Structure formats: structure tokens, C-alpha cells
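Visitor: Sharing a structure with you now.
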Amino acid sequence: GAVVSQHPSRVICKSGTSVKIECRSLDFQATTMFWYRQFPKQSLMLMATSNEGSKATYEQGVEKDKFLINHASLTLSTLTVTSAHPEDSSFYICSARGGTGLKGYTFGSGTRLTVV
Amino acid sequence: DAKTTQPTSMDCAEGRAANLPCNHSTISGNEYVYWYRQIHSQGPQYIIHGLKNNETNEMASLIITEDRKSSTLILPHATLRDTAVYYCIVYFGNEKLTFGTGTRLTIIP
């Protein structure tokens with residue numbers, strides 16, 4: 001149990017376009033999801049906390065107009081990178097709390113975004 | 001800020017036990033110790049967690065010192081597939097997870 005599906009796994013887009021990444025909890029309801037980004041050989045950096053039915057909470061230094069988060073249902077959160085630039089190229093990972101009890105958080109498999 | 005300190009990297013021979021240490025000297029009484037690992041280009045995977053007692057599951061064992069200021073993750077018979085970055089994290093309840101730098105474990109054939 002407690003599976004989080006993230007899609008797409010890889011995406012290449014042109015500068016100036018927007019990219020949407022989906023994060024779904026498959027067998028449990030997730031009122032809260034988290035979005036991370038990870039640069040090569042670095043640790044995961046929390047970007048924002050996504051709450052179902054309300055606005056996301058962004059970490060300091062993360063542009064909320066650049067990284068739009070929508071958590072419209074108990075099983076789906078989306079991250080849209082708007083007007084992407086090469087410096088937005090990164091590994092994006094979502095996680096969800098719920099369905100695993102004290103086993104903590106379940107993570108998606110990540111999305112490798114390359115902006116050309 | 002991460003509340004844990006881990007060695008940057010470690011090597012372990014295949015088939016031997018891998019012992020990964022973690023210091024969490026500021027851990028509070030209700031915080032659990034969690035271990036996750038991240039294989040290259042994948043999302044982190046839950047391994048094990050504990051409060052104060054030692055724990056064992058099908059993946060690993062977790063040894064927590066009596067004062068709870070440090071712990072050791074033990075992979076009893078390391079395989080090449082255990083090569084990954086291992087993260088030790090302390091938290092309680094509904095906190096958001098903060099990742100430290102983790103330990104890059106390399107299993108040597």
C-alpha cells in the first residue's frame with residue numbers, strides 16, 4: 001500500500017513554455033503533499049507544502065508565481081513550472097503523507113525536467 | 001535546518017554488513033528517527049523508523065543509543081543494489097521533512 005505516482009518521469013521543454021507535473025496518491029487519500037527539487041549531487045530541497053482545497057505554502061525563496069501548485073482533490077497535486085528557463089532544469093519529487101501510518105512519507109519516482 | 005549529522009560517504013564490501021551512523025544530539029522526546037534511501041534518479045524510499053527501541057524489518061536494523069542522541073542503520077548483507085544515498089531524519093507527526101546531505105553508500109563488488 002501507499003503508492004505515489006508521479007508523471008511524467010522525464011520532460012524536455014523549450015524556454016518560455018510551461019510544464020505540468022502530476023503527483024497522485026494511488027491507494028490512499030493525501031490531504032497534504034510536498035514538492036521538492038534536487039540538483040545533481042545535492043540533497044532534496046523542500047519547495048512547498050500542498051494542502052487539499054487551500055493555497056500552498058511556499059518555502060522561503062521559492063517563487064509562487066513561477067511554481068504553481070494545485071491540490072484540487074485528495075489524490076492529486078500538480079506542480080506547474082511557468083515560463084521555464086534552463087536554470088529550472090532539475091529533478092522534481094513529490095511526496096504525500098497518509099496511508100502509511102507511522103511509516104512516514106511516501107515519495108513519487110521523480111520528474112527530470114530539462115529546459116532547452 | 002537538518003537536525004542530523006551523517007558521514008558524507010562510505011564504502012562497504014558486497015555481502016558484508018553496512019553500518020551507517022547518524023548523530024541527532026538535539027532530538028526531542030517525541031521525535032522519531034527515520035531512515036530513507038535514494039537510489040540514483042529515483043524518489044526516496046522508506047527503510048525503517050524507531051523511537052527508542054531497536055527495530056528490525058526485512059530491509060534493515062536500527063540501533064538507537066539509550067540517550068537517543070545517535071543511531072546506526074545496519075544493512076546486514078549488503079548487495080550492489082544497496083548503493084544509494086541514505087538519509088537519517090528526525091521528526092514527529094505532521095512536520096515537513098527536511099533532508100540533510102545524507103551518506104553516499106557504495107557497495108564494492
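Chain labels follow the order of the C-alpha cells: the first chain is A, the next B, and so on; residue numbering restarts at 1 in every chain, and ligands are counted from 1 in their shown order.
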Considering only C-alpha atoms, give me a table of residues in chain A that are at most 7 Å from chain B, with the closest atom pair and distance in Å for each, as a Markdown table.
Guide:
| residue | atom | partner | partner_atom | distance |
| --- | --- | --- | --- | --- |
| A:Ser43 | CA | B:Thr101 | CA | 5.4 |
| A:Leu44 | CA | B:Phe99 | CA | 6.0 |
| A:Ile93 | CA | B:Gly43 | CA | 6.4 |
| A:Phe107 | CA | B:Gly43 | CA | 5.6 |
| A:Gly108 | CA | B:Gly43 | CA | 5.6 |
| A:Ser109 | CA | B:Gly43 | CA | 4.4 |
| A:Gly110 | CA | B:Gly43 | CA | 5.5 |
Visitor: Step one, run DSSP on the backbone; step two, keep only residues of stretch 50-88 of chain B assigned to strand (DSSP E); then write them as a VMD selection string.
Guide: chain B and resid 50 55 to 56 61 to 64 70 to 75 84 to 88
Visitor: Could you work out how far atom CA of A:Tyr105 lies from atom CA of B:Ser9, giving the answer in Å with one decimal?
Guide: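 So the answer is 24.4 Å.
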Visitor: List the neighbours of A:Ala84 out to 9 Å using only C-alpha atoms; skip same-chain residues closer than 4 positions along the sequence, and give me the result as JSON, numbers by chain.
Guide: {"A": [13, 14, 15, 16, 17, 18, 19, 66, 88, 89, 115]}
Visitor: Of the residues B:Lys3, B:Arg37, B:Cys12, B:Ala60, which is the one nearest to A:Thr106, using only C-alpha atoms?
Guide: B:Arg37
Visitor: Extract, using only C-alpha atoms, all DNA, RNA and protein residues at most 8 Å from A:Ile12, discarding same-chain residues fewer than 6 positions from it, and format them as a list in words.
Guide: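 The neighbour list is Leu113, Thr114, Val115 and Val116 of chain A.
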Visitor: Could you write those residues out with N, CA and C atoms, as a PDB file, in the first residue's frame?
Guide:
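Output (out.pdb):
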ATOM      1  N   LEU A 113      13.284  17.340 -15.294  1.00  0.00           N
ATOM      2  CA  LEU A 113      12.928  18.431 -16.202  1.00  0.00           C
ATOM      3  C   LEU A 113      14.185  19.019 -16.816  1.00  0.00           C
ATOM      4  N   THR A 114      14.188  19.080 -18.129  1.00  0.00           N
ATOM      5  CA  THR A 114      15.278  19.725 -18.855  1.00  0.00           C
ATOM      6  C   THR A 114      14.686  20.829 -19.712  1.00  0.00           C
ATOM      7  N   VAL A 115      15.155  22.034 -19.504  1.00  0.00           N
ATOM      8  CA  VAL A 115      14.673  23.180 -20.264  1.00  0.00           C
ATOM      9  C   VAL A 115      15.774  23.580 -21.245  1.00  0.00           C
ATOM     10  N   VAL A 116      15.420  23.602 -22.532  1.00  0.00           N
ATOM     11  CA  VAL A 116      16.436  23.893 -23.559  1.00  0.00           C
ATOM     12  C   VAL A 116      16.151  25.232 -24.252  1.00  0.00           C
TER      13      VAL A 116
END
Visitor: If you run DSSP on the backbone here, which positions in chain A get helix (DSSP H, G or I)? Please write them as a short mmCIF file (atom, residue, chain, number, x, y, z; two decimals) with N, CA, C and O atoms, in the first residue's frame.
Guide:
data_model
loop_
_atom_site.label_atom_id
_atom_site.label_comp_id
_atom_site.auth_asym_id
_atom_site.auth_seq_id
_atom_site.Cartn_x
_atom_site.Cartn_y
_atom_site.Cartn_z
N PRO A 86 16.32 27.58 -18.51
CA PRO A 86 17.30 26.50 -18.29
C PRO A 86 17.67 26.30 -16.82
O PRO A 86 17.91 25.17 -16.40
N GLU A 87 17.68 27.36 -16.04
CA GLU A 87 18.04 27.21 -14.62
C GLU A 87 16.95 26.49 -13.82
O GLU A 87 17.19 26.11 -12.66
N ASP A 88 15.78 26.28 -14.43
CA ASP A 88 14.73 25.50 -13.77
C ASP A 88 14.93 24.00 -13.99
O ASP A 88 14.21 23.18 -13.39
N GLY A 101 0.61 5.35 8.04
CA GLY A 101 0.72 5.46 9.49
C GLY A 101 2.04 6.04 9.89
O GLY A 101 2.50 7.02 9.33
N LEU A 102 2.69 5.43 10.83
CA LEU A 102 3.95 5.95 11.31
C LEU A 102 5.10 5.63 10.37
O LEU A 102 6.24 5.91 10.69
N LYS A 103 4.82 5.01 9.24
CA LYS A 103 5.89 4.79 8.28
C LYS A 103 6.21 6.04 7.51
O LYS A 103 7.02 6.01 6.60
#
Visitor: I'd like the neighbourhood of B:Leu80 as a short mmCIF file (atom, residue, chain, number, x, y, z; two decimals) with all heavy atoms, in the first residue's frame, where a residue qualifies if any of its atoms comes within 8 Å (using only C-alpha atoms), though same-chain residues fewer than 2 positions away should be ignored.
Guide:
data_model
loop_
_atom_site.label_atom_id
_atom_site.label_comp_id
_atom_site.auth_asym_id
_atom_site.auth_seq_id
_atom_site.Cartn_x
_atom_site.Cartn_y
_atom_site.Cartn_z
N GLU B 14 30.57 -6.01 -0.75
CA GLU B 14 29.37 -6.79 -1.01
C GLU B 14 29.32 -8.02 -0.09
O GLU B 14 30.33 -8.70 0.11
CB GLU B 14 29.35 -7.23 -2.47
CG GLU B 14 28.07 -7.92 -2.91
CD GLU B 14 28.10 -8.30 -4.38
OE1 GLU B 14 29.19 -8.30 -4.98
OE2 GLU B 14 27.02 -8.60 -4.93
N ALA B 78 24.98 -6.53 2.61
CA ALA B 78 24.85 -5.53 1.56
C ALA B 78 25.00 -6.14 0.17
O ALA B 78 25.87 -7.01 -0.06
CB ALA B 78 25.89 -4.43 1.76
N ASP B 82 22.14 -2.01 -2.99
CA ASP B 82 22.04 -1.13 -1.82
C ASP B 82 22.85 0.16 -2.00
O ASP B 82 22.83 1.03 -1.12
CB ASP B 82 22.50 -1.87 -0.56
CG ASP B 82 21.57 -3.00 -0.17
OD1 ASP B 82 20.34 -2.82 -0.31
OD2 ASP B 82 22.07 -4.05 0.28
N THR B 83 23.56 0.27 -3.10
CA THR B 83 24.28 1.51 -3.38
C THR B 83 23.27 2.64 -3.54
O THR B 83 22.38 2.58 -4.39
CB THR B 83 25.14 1.38 -4.65
OG1 THR B 83 26.20 0.45 -4.40
CG2 THR B 83 25.72 2.72 -5.07
N THR B 106 28.48 3.23 -1.06
CA THR B 106 28.87 2.49 -2.26
C THR B 106 29.22 1.08 -1.86
O THR B 106 30.07 0.86 -0.99
CB THR B 106 30.07 3.15 -2.95
OG1 THR B 106 29.75 4.51 -3.27
CG2 THR B 106 30.44 2.40 -4.22
N ILE B 107 28.57 0.13 -2.48
CA ILE B 107 28.85 -1.28 -2.21
C ILE B 107 29.87 -1.75 -3.25
O ILE B 107 29.64 -1.63 -4.46
CB ILE B 107 27.57 -2.14 -2.28
CG1 ILE B 107 26.52 -1.56 -1.33
CG2 ILE B 107 27.91 -3.60 -1.93
CD1 ILE B 107 26.94 -1.47 0.11
N ILE B 108 30.97 -2.27 -2.76
CA ILE B 108 32.08 -2.67 -3.62
C ILE B 108 31.99 -4.17 -3.92
O ILE B 108 31.88 -4.96 -3.00
CB ILE B 108 33.42 -2.37 -2.94
CG1 ILE B 108 33.46 -0.92 -2.44
CG2 ILE B 108 34.59 -2.66 -3.88
CD1 ILE B 108 33.35 0.10 -3.53
N PRO B 109 32.04 -4.55 -5.20
CA PRO B 109 31.95 -5.98 -5.53
C PRO B 109 33.10 -6.78 -4.95
O PRO B 109 34.21 -6.27 -4.78
CB PRO B 109 31.99 -6.00 -7.07
CG PRO B 109 31.67 -4.62 -7.49
CD PRO B 109 32.09 -3.70 -6.39
#
